[in-house]
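Just structure_32.cif here, mmCIF, C-alpha atoms and all ligand atoms:
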data_entry
#
loop_
_atom_site.label_atom_id
_atom_site.label_comp_id
_atom_site.auth_asym_id
_atom_site.auth_seq_id
_atom_site.Cartn_x
_atom_site.Cartn_y
_atom_site.Cartn_z
CA MET A 1 5.25 0.01 23.16
CA ALA A 2 6.02 -2.64 25.76
CA ALA A 3 8.61 -4.17 23.40
CA GLY A 4 10.23 -0.75 22.94
CA LEU A 5 10.48 -0.31 26.71
CA GLY A 6 12.21 -3.69 26.99
CA ASP A 7 14.53 -2.90 24.09
CA ALA A 8 15.63 0.32 25.77
CA GLY A 9 16.49 -1.55 28.96
CA PHE A 10 13.47 -0.59 31.07
CA GLN A 11 13.56 -2.66 34.27
CA GLY A 12 10.24 -1.72 35.90
CA GLU A 13 6.84 -3.41 35.76
CA VAL A 14 4.77 -3.08 32.58
CA VAL A 15 1.02 -3.58 32.83
CA VAL A 16 -1.15 -3.58 29.69
CA VAL A 17 -4.85 -3.04 30.38
CA CYS A 18 -7.25 -3.89 27.55
CA GLY A 19 -11.02 -3.99 27.36
CA GLU A 20 -11.11 -6.79 24.81
CA PRO A 21 -10.96 -10.24 26.39
CA GLU A 22 -8.79 -11.84 23.66
CA MET A 23 -5.01 -12.04 23.65
CA PRO A 24 -3.72 -9.15 21.46
CA TYR A 25 -4.32 -10.01 17.81
CA GLU A 26 -3.78 -8.63 14.30
CA ARG A 27 -6.88 -6.86 13.00
CA PRO A 28 -5.82 -6.68 9.31
CA HIS A 29 -6.73 -10.35 8.81
CA LEU A 30 -10.31 -9.64 9.93
CA SER A 31 -11.30 -8.14 6.58
CA LYS A 32 -9.17 -10.50 4.47
CA GLY A 33 -7.99 -14.07 5.15
CA PHE A 34 -10.16 -14.55 8.23
CA LEU A 35 -13.31 -13.86 6.18
CA LEU A 36 -12.06 -16.03 3.34
CA GLY A 37 -11.29 -18.85 5.75
CA THR A 38 -7.59 -18.93 4.78
CA VAL A 39 -6.39 -17.51 8.12
CA ALA A 40 -7.58 -19.44 11.16
CA ARG A 41 -8.41 -17.82 14.47
CA GLU A 42 -5.26 -19.32 16.06
CA ARG A 43 -3.11 -17.44 13.55
CA LEU A 44 -4.46 -14.01 14.49
CA GLY A 45 -2.36 -13.65 17.66
CA LEU A 46 0.26 -10.91 17.79
CA ARG A 47 2.72 -12.85 19.97
CA PRO A 48 2.64 -16.17 21.84
CA ALA A 49 1.68 -15.75 25.52
CA ALA A 50 5.20 -16.76 26.60
CA GLN A 51 6.69 -13.72 24.88
CA TYR A 52 4.69 -11.35 27.05
CA ARG A 53 6.14 -13.10 30.10
CA GLU A 54 9.65 -12.84 28.64
CA LEU A 55 9.10 -9.12 28.08
CA GLY A 56 7.94 -8.79 31.68
CA VAL A 57 4.49 -7.64 30.58
CA GLU A 58 1.42 -8.34 32.69
CA LEU A 59 -1.75 -8.42 30.59
CA LEU A 60 -5.02 -7.37 32.23
CA LEU A 61 -7.52 -8.42 29.57
CA GLY A 62 -11.28 -7.86 29.51
CA ARG A 63 -10.86 -4.84 31.81
CA TRP A 64 -12.19 -1.46 30.68
CA VAL A 65 -10.63 1.75 31.91
CA THR A 66 -13.17 4.40 32.86
CA GLU A 67 -10.92 7.21 34.06
CA LEU A 68 -7.35 8.45 33.89
CA ASP A 69 -6.53 10.11 37.18
CA LEU A 70 -3.52 12.22 36.31
CA GLU A 71 -3.26 13.83 39.76
CA GLN A 72 -3.11 10.58 41.69
CA HIS A 73 -1.21 8.73 38.94
CA LYS A 74 -3.72 5.90 38.67
CA ILE A 75 -6.21 4.54 36.19
CA VAL A 76 -9.68 3.56 37.30
CA LEU A 77 -11.25 0.37 35.96
CA GLU A 78 -14.94 -0.31 35.36
CA SER A 79 -14.87 -2.61 38.38
CA GLY A 80 -13.75 0.31 40.55
CA ASP A 81 -10.25 -1.18 40.97
CA THR A 82 -7.32 1.10 40.30
CA VAL A 83 -3.85 0.58 38.81
CA GLY A 84 -1.07 3.03 39.71
CA TRP A 85 1.58 4.23 37.29
CA ASP A 86 4.77 6.26 37.09
CA LEU A 87 4.56 6.59 33.32
CA LEU A 88 1.38 6.17 31.27
CA CYS A 89 0.90 5.34 27.60
CA ILE A 90 -2.57 5.70 26.09
CA ALA A 91 -3.10 3.37 23.10
CA THR A 92 -6.88 3.16 22.91
CA GLY A 93 -6.89 2.91 19.10
CA SER A 94 -9.90 3.85 17.05
CA SER A 95 -13.47 2.71 16.66
CA ALA A 96 -15.62 2.28 13.57
CA ARG A 97 -17.48 5.42 12.54
CA ARG A 98 -21.23 4.83 12.99
CA LEU A 99 -23.88 5.65 10.40
CA ALA A 100 -27.21 7.00 11.62
CA GLY A 101 -30.05 4.59 10.90
CA PHE A 102 -27.72 1.58 10.58
CA ASP A 103 -27.53 0.41 14.17
CA ASP A 104 -27.99 -3.26 13.29
CA ALA A 105 -25.23 -3.33 10.67
CA VAL A 106 -21.88 -5.05 11.22
CA TYR A 107 -19.13 -2.55 12.00
CA LEU A 108 -15.96 -4.49 11.44
CA ARG A 109 -13.45 -3.62 14.16
CA VAL A 110 -13.02 -6.52 16.57
CA LEU A 111 -12.89 -10.30 16.38
CA SER A 112 -16.54 -10.77 17.38
CA ASP A 113 -17.60 -8.51 14.46
CA ALA A 114 -15.54 -10.64 12.05
CA LEU A 115 -17.05 -13.84 13.44
CA GLN A 116 -20.52 -12.39 12.88
CA LEU A 117 -19.66 -11.36 9.31
CA ARG A 118 -18.03 -14.68 8.51
CA ALA A 119 -21.19 -16.48 9.65
CA ILE A 120 -23.23 -14.25 7.32
CA LEU A 121 -20.95 -15.10 4.40
CA GLU A 122 -21.06 -18.81 5.25
CA SER A 123 -24.86 -18.71 5.25
CA GLY A 124 -24.75 -17.52 1.62
CA ALA A 125 -26.74 -14.38 2.46
CA GLN A 126 -26.74 -11.45 0.07
CA LEU A 127 -24.56 -8.64 1.36
CA ASP A 128 -24.72 -4.86 1.18
CA VAL A 129 -21.60 -2.90 1.96
CA VAL A 130 -21.81 0.79 2.82
CA GLY A 131 -18.54 2.58 2.06
CA ALA A 132 -15.91 1.72 -0.55
CA GLY A 133 -12.85 2.57 1.49
CA PHE A 134 -10.28 -0.08 2.27
CA ILE A 135 -12.38 -2.11 4.65
CA GLY A 136 -15.53 -1.93 2.46
CA CYS A 137 -13.55 -2.97 -0.64
CA GLU A 138 -11.81 -5.81 1.15
CA VAL A 139 -15.08 -7.10 2.58
CA ALA A 140 -16.72 -6.89 -0.86
CA ALA A 141 -13.82 -8.80 -2.42
CA ALA A 142 -13.86 -11.51 0.25
CA ALA A 143 -17.64 -11.84 -0.03
CA ARG A 144 -17.50 -12.18 -3.82
CA GLN A 145 -14.72 -14.73 -3.51
CA ARG A 146 -17.03 -16.69 -1.20
CA GLY A 147 -19.79 -16.50 -3.81
CA SER A 148 -22.07 -13.92 -2.15
CA VAL A 149 -24.19 -11.48 -4.11
CA VAL A 150 -22.70 -8.08 -3.19
CA ARG A 151 -23.83 -4.46 -3.57
CA VAL A 152 -21.60 -1.58 -2.51
CA PHE A 153 -22.85 1.97 -1.85
CA GLU A 154 -20.32 4.80 -1.90
CA VAL A 155 -21.07 8.52 -1.79
CA LEU A 156 -17.85 9.54 -3.58
CA PRO A 157 -17.32 9.09 -7.33
CA GLN A 158 -14.69 6.33 -6.89
CA PRO A 159 -13.67 3.70 -4.37
CA MET A 160 -10.78 4.66 -2.07
CA GLN A 161 -10.62 8.04 -3.71
CA ARG A 162 -9.41 10.04 -0.74
CA VAL A 163 -6.04 8.31 -0.48
CA LEU A 164 -5.48 7.01 -3.99
CA GLY A 165 -7.05 9.65 -6.21
CA GLU A 166 -9.40 9.51 -9.14
CA GLU A 167 -7.42 7.48 -11.66
CA LEU A 168 -6.64 4.58 -9.37
CA GLY A 169 -10.15 4.83 -7.94
CA ASN A 170 -11.57 4.32 -11.44
CA TYR A 171 -9.27 1.37 -12.00
CA LEU A 172 -10.43 -0.26 -8.74
CA ALA A 173 -14.07 0.40 -9.57
CA ASP A 174 -13.52 -1.60 -12.76
CA VAL A 175 -11.78 -4.37 -10.86
CA HIS A 176 -14.73 -4.76 -8.48
CA ARG A 177 -17.28 -4.65 -11.27
CA ARG A 178 -15.36 -7.27 -13.24
CA HIS A 179 -15.59 -9.49 -10.18
CA GLY A 180 -19.34 -9.09 -10.09
CA VAL A 181 -19.83 -6.40 -7.45
CA ASP A 182 -22.87 -4.19 -8.02
CA LEU A 183 -20.99 -0.96 -7.28
CA ARG A 184 -23.20 2.10 -6.82
CA LEU A 185 -21.08 5.22 -6.74
CA GLU A 186 -22.20 8.69 -5.65
CA THR A 187 -25.09 6.93 -3.96
CA SER A 188 -26.20 6.90 -0.34
CA PRO A 189 -27.75 3.64 0.78
CA PRO A 190 -31.52 3.58 1.23
CA LYS A 191 -32.50 3.23 4.89
CA ASP A 192 -34.08 -0.19 4.62
CA LEU A 193 -31.80 -2.37 2.54
CA GLY A 194 -33.41 -5.65 3.53
CA ARG A 195 -30.12 -7.56 3.38
CA SER A 196 -27.21 -8.16 5.73
CA VAL A 197 -25.25 -4.92 5.91
CA VAL A 198 -21.64 -4.06 6.68
CA VAL A 199 -20.78 -0.41 7.24
CA GLY A 200 -17.17 0.63 6.58
CA ILE A 201 -17.08 4.42 6.53
CA GLY A 202 -13.83 5.04 8.36
CA SER A 203 -12.86 5.19 11.98
CA VAL A 204 -12.57 7.73 14.75
CA PRO A 205 -9.80 7.94 17.35
CA ARG A 206 -10.89 6.86 20.83
CA VAL A 207 -9.91 10.03 22.65
CA GLU A 208 -12.66 10.15 25.27
CA LEU A 209 -10.54 9.09 28.26
CA ALA A 210 -7.71 11.43 27.33
CA ALA A 211 -10.06 14.33 26.63
CA ALA A 212 -11.84 13.88 29.96
CA ALA A 213 -8.43 13.99 31.69
CA GLY A 214 -7.63 17.33 30.03
CA ILE A 215 -4.97 16.04 27.61
CA ALA A 216 -4.70 18.11 24.40
CA ILE A 217 -6.72 16.65 21.50
CA ASP A 218 -6.72 17.62 17.84
CA ASP A 219 -8.50 14.91 15.86
CA GLY A 220 -6.49 12.38 17.90
CA ILE A 221 -4.33 12.80 20.98
CA GLN A 222 -1.77 15.41 20.04
CA VAL A 223 1.76 14.05 20.54
CA ASP A 224 5.28 14.91 19.43
CA GLU A 225 7.68 12.66 17.49
CA GLN A 226 8.35 10.66 20.67
CA GLY A 227 4.74 10.19 21.70
CA ARG A 228 4.73 12.84 24.46
CA THR A 229 1.29 14.33 25.17
CA SER A 230 0.61 17.76 26.63
CA VAL A 231 0.93 16.25 30.13
CA PRO A 232 4.42 15.33 31.44
CA GLY A 233 4.85 11.58 31.99
CA VAL A 234 1.85 10.74 29.82
CA TYR A 235 2.51 9.29 26.36
CA ALA A 236 0.24 8.03 23.60
CA ALA A 237 0.79 5.72 20.64
CA GLY A 238 -0.97 4.14 17.68
CA ASP A 239 -4.22 4.96 15.91
CA VAL A 240 -5.40 7.27 18.68
CA THR A 241 -2.60 9.79 18.12
CA ARG A 242 -1.97 12.66 15.79
CA PHE A 243 1.80 12.81 15.87
CA TRP A 244 4.42 15.18 14.59
CA SER A 245 6.27 13.63 11.68
CA PRO A 246 9.71 15.18 11.16
CA LEU A 247 9.81 13.40 7.79
CA PHE A 248 6.65 15.00 6.38
CA GLU A 249 6.95 18.13 8.54
CA ALA A 250 3.31 17.79 9.47
CA ARG A 251 1.17 16.42 12.25
CA ILE A 252 -0.41 13.24 10.93
CA ARG A 253 -2.93 10.66 12.07
CA VAL A 254 -2.34 7.21 10.70
CA GLU A 255 -4.48 4.11 11.01
CA HIS A 256 -2.08 1.43 9.85
CA PHE A 257 -0.98 -1.69 11.58
CA GLN A 258 2.74 -1.34 10.95
CA THR A 259 2.83 2.31 12.00
CA ALA A 260 0.98 1.46 15.22
CA GLN A 261 3.66 -1.15 15.90
CA ARG A 262 6.70 0.91 14.87
CA GLN A 263 5.55 4.17 16.42
CA GLY A 264 4.51 2.26 19.54
CA PHE A 265 7.97 0.73 19.74
CA ALA A 266 9.59 4.17 19.40
CA VAL A 267 7.30 5.58 22.10
CA GLY A 268 8.25 2.70 24.43
CA GLN A 269 11.92 3.50 23.89
CA ALA A 270 11.28 7.18 24.58
CA MET A 271 9.45 6.29 27.80
CA ALA A 272 12.53 4.34 28.89
CA GLY A 273 14.68 7.39 28.23
CA ARG A 274 16.43 6.14 25.09
CA GLY A 275 14.56 6.97 21.96
CA ASP A 276 14.92 8.47 18.54
CA PRO A 277 12.14 10.57 17.00
CA PHE A 278 9.73 8.44 14.98
CA ALA A 279 10.41 9.56 11.41
CA GLU A 280 9.25 6.66 9.24
CA ALA A 281 6.92 6.77 6.26
CA PRO A 282 3.61 5.04 7.11
CA TRP A 283 2.92 1.91 5.06
CA PHE A 284 -0.06 -0.37 4.59
CA TRP A 285 -1.33 -3.06 2.28
CA SER A 286 -4.71 -4.28 1.08
CA ASP A 287 -5.62 -7.57 -0.58
CA GLN A 288 -8.52 -7.55 -3.03
CA TYR A 289 -9.03 -10.55 -5.33
CA GLU A 290 -5.74 -11.25 -7.14
CA LEU A 291 -4.43 -7.79 -6.30
CA ASN A 292 -2.08 -6.76 -3.55
CA LEU A 293 -2.11 -2.99 -3.09
CA GLN A 294 0.58 -1.36 -1.03
CA TYR A 295 0.81 2.28 -0.08
CA ALA A 296 3.58 4.27 1.57
CA GLY A 297 3.15 7.88 2.56
CA ALA A 298 1.17 10.04 4.92
CA GLY A 299 -1.94 10.53 2.80
CA LEU A 300 -1.06 14.20 2.27
CA ALA A 301 -2.40 16.24 -0.66
CA TRP A 302 -0.31 15.98 -3.84
CA ASP A 303 -0.02 18.18 -6.93
CA ALA A 304 1.33 15.65 -9.47
CA THR A 305 1.47 11.92 -10.08
CA ILE A 306 3.86 9.76 -12.09
CA THR A 307 3.13 6.20 -13.18
CA ARG A 308 5.79 3.51 -13.35
CA ALA A 309 5.10 0.77 -15.94
CA THR A 310 1.75 0.55 -17.71
CA PHE A 311 -1.17 1.93 -15.72
CA GLY A 312 -3.86 -0.70 -15.27
CA GLN A 313 -1.60 -3.65 -16.05
CA PRO A 314 -0.14 -4.99 -12.79
CA PRO A 315 2.57 -4.77 -11.72
CA PHE A 316 2.53 -0.99 -11.84
CA SER A 317 2.93 1.88 -9.37
CA VAL A 318 1.82 5.48 -9.02
CA PHE A 319 4.00 8.06 -7.26
CA TYR A 320 2.49 11.13 -5.58
CA LEU A 321 4.52 14.34 -5.53
CA ARG A 322 4.17 17.75 -3.95
CA GLU A 323 6.33 20.59 -5.23
CA GLY A 324 8.56 17.96 -6.84
CA ARG A 325 9.05 15.99 -3.63
CA LEU A 326 7.98 12.34 -3.40
CA ILE A 327 5.34 12.10 -0.65
CA GLY A 328 3.56 8.84 -1.45
CA VAL A 329 3.45 5.76 -3.62
CA VAL A 330 0.93 3.05 -4.32
CA GLY A 331 1.89 -0.21 -5.98
CA VAL A 332 -0.46 -2.75 -7.51
CA ASN A 333 1.21 -6.16 -7.27
CA ASP A 334 4.44 -4.16 -7.11
CA ARG A 335 5.66 -4.43 -3.53
CA HIS A 336 9.37 -4.01 -4.34
CA THR A 337 8.77 -0.59 -5.86
CA VAL A 338 6.75 0.49 -2.82
CA SER A 339 9.34 -0.76 -0.38
CA ARG A 340 12.19 0.97 -2.24
CA ALA A 341 10.21 4.17 -2.69
CA ARG A 342 9.42 4.15 1.02
CA HIS A 343 13.12 3.98 1.88
CA ALA A 344 13.85 6.68 -0.67
CA MET A 345 11.21 8.91 0.93
CA GLU A 346 12.68 8.31 4.36
CA ALA A 347 16.15 9.17 3.04
CA ARG A 348 14.73 12.28 1.29
CA ALA A 349 16.39 10.99 -1.87
CA GLN A 350 16.40 13.18 -4.98
CA ILE A 351 14.75 11.23 -7.82
CA SER A 352 13.93 12.70 -11.20
CA PRO A 353 10.50 12.19 -12.81
CA GLN A 354 12.23 10.12 -15.54
CA GLN A 355 13.79 7.83 -12.94
CA LEU A 356 10.46 7.40 -11.15
CA ALA A 357 8.71 6.49 -14.39
CA ASP A 358 11.37 4.06 -15.55
CA PRO A 359 10.79 0.48 -14.28
CA ALA A 360 14.44 -0.28 -15.12
CA PHE A 361 15.69 2.34 -12.65
CA ASP A 362 16.29 0.71 -9.27
CA LEU A 363 15.13 3.28 -6.69
CA ARG A 364 17.75 2.04 -4.25
CA ARG A 365 20.35 3.74 -6.42
CA ALA A 366 18.85 7.10 -5.47
CA ILE A 367 19.31 6.53 -1.74
CA PRO A 368 22.46 8.19 -0.39
CA ARG A 369 24.76 5.70 1.36
CA ALA A 370 25.02 6.09 5.15
CA GLN A 371 28.16 7.97 6.22
CA GLY A 372 30.91 6.27 8.21
C1 LIG B 1 -10.92 -4.90 9.78
C2 LIG B 1 -9.63 -4.13 9.80
C3 LIG B 1 -8.70 -4.31 8.79
C4 LIG B 1 -7.50 -3.61 8.79
N1 LIG B 1 -6.61 -3.83 7.79
C5 LIG B 1 -5.42 -3.19 7.81
C6 LIG B 1 -4.45 -3.43 6.79
O1 LIG B 1 -4.67 -4.21 5.87
N2 LIG B 1 -3.28 -2.77 6.86
C7 LIG B 1 -3.00 -1.89 7.86
O2 LIG B 1 -1.92 -1.32 7.87
N3 LIG B 1 -3.90 -1.63 8.84
C8 LIG B 1 -5.10 -2.25 8.83
N4 LIG B 1 -6.02 -2.01 9.83
C9 LIG B 1 -5.71 -0.99 10.86
C10 LIG B 1 -4.89 -1.57 12.03
O3 LIG B 1 -5.49 -2.74 12.49
C11 LIG B 1 -4.79 -0.53 13.13
O4 LIG B 1 -4.02 0.55 12.61
C12 LIG B 1 -4.15 -1.05 14.41
O5 LIG B 1 -4.92 -2.07 14.97
C13 LIG B 1 -4.00 0.08 15.42
O6 LIG B 1 -3.45 -0.42 16.60
P1 LIG B 1 -3.69 0.33 17.99
O7 LIG B 1 -3.01 -0.53 19.00
O8 LIG B 1 -3.32 1.74 17.88
O9 LIG B 1 -5.27 0.32 18.22
P2 LIG B 1 -6.29 -0.89 18.31
O10 LIG B 1 -5.85 -2.06 17.52
O11 LIG B 1 -7.64 -0.31 18.04
O12 LIG B 1 -6.21 -1.32 19.84
C14 LIG B 1 -6.69 -0.50 20.87
C15 LIG B 1 -7.14 -1.37 22.03
O13 LIG B 1 -7.47 -0.53 23.12
C16 LIG B 1 -8.63 -1.04 23.75
N5 LIG B 1 -9.32 0.03 24.48
C17 LIG B 1 -9.89 1.15 23.95
N6 LIG B 1 -10.45 1.88 24.93
C18 LIG B 1 -10.23 1.21 26.09
C19 LIG B 1 -10.58 1.44 27.44
N7 LIG B 1 -11.26 2.52 27.84
N8 LIG B 1 -10.20 0.52 28.37
C20 LIG B 1 -9.49 -0.58 28.01
N9 LIG B 1 -9.15 -0.86 26.74
C21 LIG B 1 -9.50 0.04 25.81
C22 LIG B 1 -9.45 -1.58 22.59
O14 LIG B 1 -10.38 -2.53 23.07
C23 LIG B 1 -8.39 -2.19 21.69
O15 LIG B 1 -8.17 -3.54 22.01
C24 LIG B 1 -7.22 -2.69 9.85
C25 LIG B 1 -8.17 -2.49 10.86
C26 LIG B 1 -9.37 -3.21 10.85
C27 LIG B 1 -10.38 -2.98 11.94
#
Here is the file; what I need is its structure written in the form of structure tokens.
Amino acid sequence: MAAGLGDAGFQGEVVVVCGEPEMPYERPHLSKGFLLGTVARERLGLRPAAQYRELGVELLLGRWVTELDLEQHKIVLESGDTVGWDLLCIATGSSARRLAGFDDAVYLRVLSDALQLRAILESGAQLDVVGAGFIGCEVAAAARQRGSVVRVFEVLPQPMQRVLGEELGNYLADVHRRHGVDLRLETSPPKDLGRSVVVGIGSVPRVELAAAAGIAIDDGIQVDEQGRTSVPGVYAAGDVTRFWSPLFEARIRVEHFQTAQRQGFAVGQAMAGRGDPFAEAPWFWSDQYELNLQYAGAGLAWDATITRATFGQPPFSVFYLREGRLIGVVGVNDRHTVSRARHAMEARAQISPQQLADPAFDLRRAIPRAQG
């Protein structure tokens, strides 16, 4: 957001207030390379400190906001101090969904959680993972790669079923089992597992401050395609929002790193008075064992799928369609297909089922050339 303000020529002061004490860092490593020990703590940082100075951004770290005072145009900190504003952007992200009876489990969201989990893995302890969504699957993969004995409990019939569907879910279940995970599907975890436990059952948008201030909420702070909330002068960006997507013609909530960055940038530009609507297709990746999964789309319901190349033999991809329109794609070790399909989606390209299925058809050919 701050970078978008700078890009659009904003000349005023930018103050970023954050409860976490660390310099802003990239969370995706926390369930992947950081657990494996291949990404060091120093490599987690989002930008070097000097860049914040160059952008004219003052960072107030380790400071929690307790109230948004929209009348007086100030935010109130836990310490009782206040910070005034002319324009406000709320980017409070999301927090890990809690599971009743599992208060002592690790909920992987921030660096200190990852440090705790890494210490568990280094101790060689046996690990139970509750939830086979992306974070649960990544943690299970990292733990197996570090030699831990791992059980995973998932209430649904397949891992990652909600976004990827049944067929890919089955494929991933096989992948985890082949790597030695004791995967227990359609099973709730017993209360007393007696092992170290990680719970990864999704996240919830941190809307409390905005809700208390009277800003409209609908499973996330409700914003338009430029990040405007229901209150003039107050914007929101990132995981905490449910934003209008002109591309998918739907209000969507996305919890992906790149979308938080790109939408945040667009919101910053809009705050500075020079912005285009954010109309990109969300994209994320996941690393599990030797597999790199990439997904582009808004996680919307589909009515048909088409596979490119041989299902189950990477590289391959699955396209998701609704009423004939491409609305999502997942690639397994097939990042070029995902990247091209993403651009095709954004360009609303017309692609036939035969072209989608044919690995020899370069999806870039379906994208209309820009005019002029
Ligand atoms: C373990 C893990 C792995 C992930 N892996 C991937 C991945 O592989 N690919 C992908 O695309 N995405 C991944 N994600 C998701 C991605 O990290 C998020 O989409 C992204 O961090 C969202 O950015 P954000 O700025 O909106 O929110 P956040 O990163 O949650 O940042 C919000 C910040 O606001 C602060 N805050 C909240 N309330 C207050 C308050 N009252 N006062 C002060 N500060 C406050 C929080 O402390 C936090 O620092 C992963 C997330 C996690 C946790």
| Nearest to ligand LIG 1 (chain B), chosen from A:Ala260, A:Leu117, A:Leu111, A:Ala236, with all atoms listed in the file counted in the distances | A:Ala260
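Residues within 8 Å of range 98-102 of chain A, counting only C-alpha atoms and excluding same-chain residues fewer than 3 positions away, are A:Ala105, A:Tyr107, A:Lys191, A:Val199, A:Ile201.
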| request: Extract, using all atoms listed in the file, all DNA, RNA and protein residues at most 7 Å from range 40-49 of chain A, discarding same-chain residues fewer than 4 positions from it, and format them as a list in words. | output: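 With the cut-off at 7 Å, the set is Met23, Pro24, Tyr25, Glu26, Phe34 and Arg53 of chain A.
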| query | Just how far from CA of Leu168 in chain A is CA of Val318 in chain A, in Å to one decimal? | reply |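 Going from CA of Val318 in chain A over to CA of Leu168 in chain A, I get 8.5 Å.
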Determine, using all atoms listed in the file, which residues of chain A have any atom at most 6 Å from an atom of ligand LIG 1 (chain B), and tabulate each with its shortest atom pair and distance in Å to one decimal place, rows ordered by chain and then rising number, as a tab-separated table.
residue	atom	partner	partner_atom	distance
A:Val17	CA	B:LIG1	C20	5.8
A:Cys18	CA	B:LIG1	N9	3.7
A:Gly19	CA	B:LIG1	N9	3.7
A:Glu20	CA	B:LIG1	O14	4.7
A:Arg27	CA	B:LIG1	O3	4.4
A:Pro28	CA	B:LIG1	N1	3.3
A:Leu30	CA	B:LIG1	C1	4.8
A:Ser31	CA	B:LIG1	C1	4.6
A:Arg63	CA	B:LIG1	C20	5.9
A:Trp64	CA	B:LIG1	N8	3.6
A:Val65	CA	B:LIG1	N8	3.8
A:Thr66	CA	B:LIG1	N7	5.7
A:Ala91	CA	B:LIG1	O8	5.5
A:Thr92	CA	B:LIG1	O13	3.7
A:Gly93	CA	B:LIG1	O9	3.2
A:Ser94	CA	B:LIG1	O11	4.8
A:Leu108	CA	B:LIG1	C1	5.3
A:Arg109	CA	B:LIG1	C27	3.8
A:Ile135	CA	B:LIG1	C3	6.0
A:Gly238	CA	B:LIG1	O8	3.4
A:Asp239	CA	B:LIG1	O8	3.9
A:Val240	CA	B:LIG1	O8	6.0
A:Glu255	CA	B:LIG1	O4	3.9
A:His256	CA	B:LIG1	O2	3.4
A:Phe257	CA	B:LIG1	O2	3.8
A:Gln258	CA	B:LIG1	O2	5.6
A:Ala260	CA	B:LIG1	O6	5.0
A:Phe284	CA	B:LIG1	O2	3.9
A:Trp285	CA	B:LIG1	N2	5.0
A:Ser286	CA	B:LIG1	O1	4.8
| note | Across A:Leu35, A:Ile75, A:Ala357, A:Val338, the smallest distance to Thr310 in chain A, with only C-alpha atoms counted, is shown by A:Ala357
| Residues near range 289-300 of chain A, cut-off 8 Å, all atoms listed in the file, skip fewer than 2 positions along chain, as a list in words |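 After dropping sequence-adjacent residues, the list is Ala141, Ala142, Gln145, Val163, Phe248, Ile252, Val254, Ala281, Pro282, Trp283, Phe284, Trp285, Ser286, Asp287, Trp302, Ile327, Gly328, Val329, Val330, Gly331, Val332, Asn333, Asp334, Arg335, Val338, Ser339, Ala341 and Arg342 of chain A.
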| field | Residue nearest Ile306 in chain A among A:Glu167, A:Glu78, A:Asp86, A:Asp276 (counting all atoms listed in the file) | value |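 Using all atoms listed in the file, Ile306 in chain A sits closest to A:Glu167.
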| task | Please indicate the distance in Å from CA of Tyr235 in chain A to CA of Pro21 in chain A, rounded to one decimal place. | result | 23.7 Å
| request: Kindly indicate which residue among A:Thr259, A:Val14, A:Leu88, A:Val175 lies nearest to Leu59 in chain A, using all atoms listed in the file for the distances. | output: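 Once distances to Leu59 in chain A are computed over all atoms listed in the file, the minimum belongs to A:Val14.
For the atom pair formed by CA of Asp182 in chain A and CA of Val150 in chain A, the distance is 6.2 Å, given to one decimal.
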| task | Would you list the contacts of Val267 in chain A as a PyMOL selection string, taking every protein, DNA or RNA residue within 8 Å and counting all atoms listed in the file, but skipping same-chain residues closer than 4 positions in sequence? | result | chain A and resi 1+4+226-227+235-237+263+271+275
Within 6 Å of (-4.6, 17.5, 28.5) (coordinates as in the file), grab all the protein and nucleic acid residues, counting only C-alpha atoms, and write them out as a short mmCIF file (atom, residue, chain, number, x, y, z; two decimals) with C-alpha atoms, keeping the file's coordinate frame.
data_model
loop_
_atom_site.label_atom_id
_atom_site.label_comp_id
_atom_site.auth_asym_id
_atom_site.auth_seq_id
_atom_site.Cartn_x
_atom_site.Cartn_y
_atom_site.Cartn_z
CA GLY A 214 -7.63 17.33 30.03
CA ILE A 215 -4.97 16.04 27.61
CA ALA A 216 -4.70 18.11 24.40
CA SER A 230 0.61 17.76 26.63
CA VAL A 231 0.93 16.25 30.13
#
| request: Pick out the residues sitting within 12 Å of Phe361 in chain A, and hand them over as a PyMOL selection string; count all atoms listed in the file, and ignore anything fewer than 6 positions along from it in its own chain. | output: chain A and resi 308-309+337+340-341+351-355
| query | Of the residues A:Ala2, A:Ala212, A:Val204, A:Val39, which is the one nearest to Thr241 in chain A, using all atoms listed in the file? | reply | A:Val204
Centre, edges in Å (one decimal): axis-aligned box, range 313-320 of chain A, 8 Å padding on all six sides, as AutoDock Vina command-line options:
--center_x 1.2 --center_y 3.1 --center_z -10.8 --size_x 21.6 --size_y 32.1 --size_z 26.5
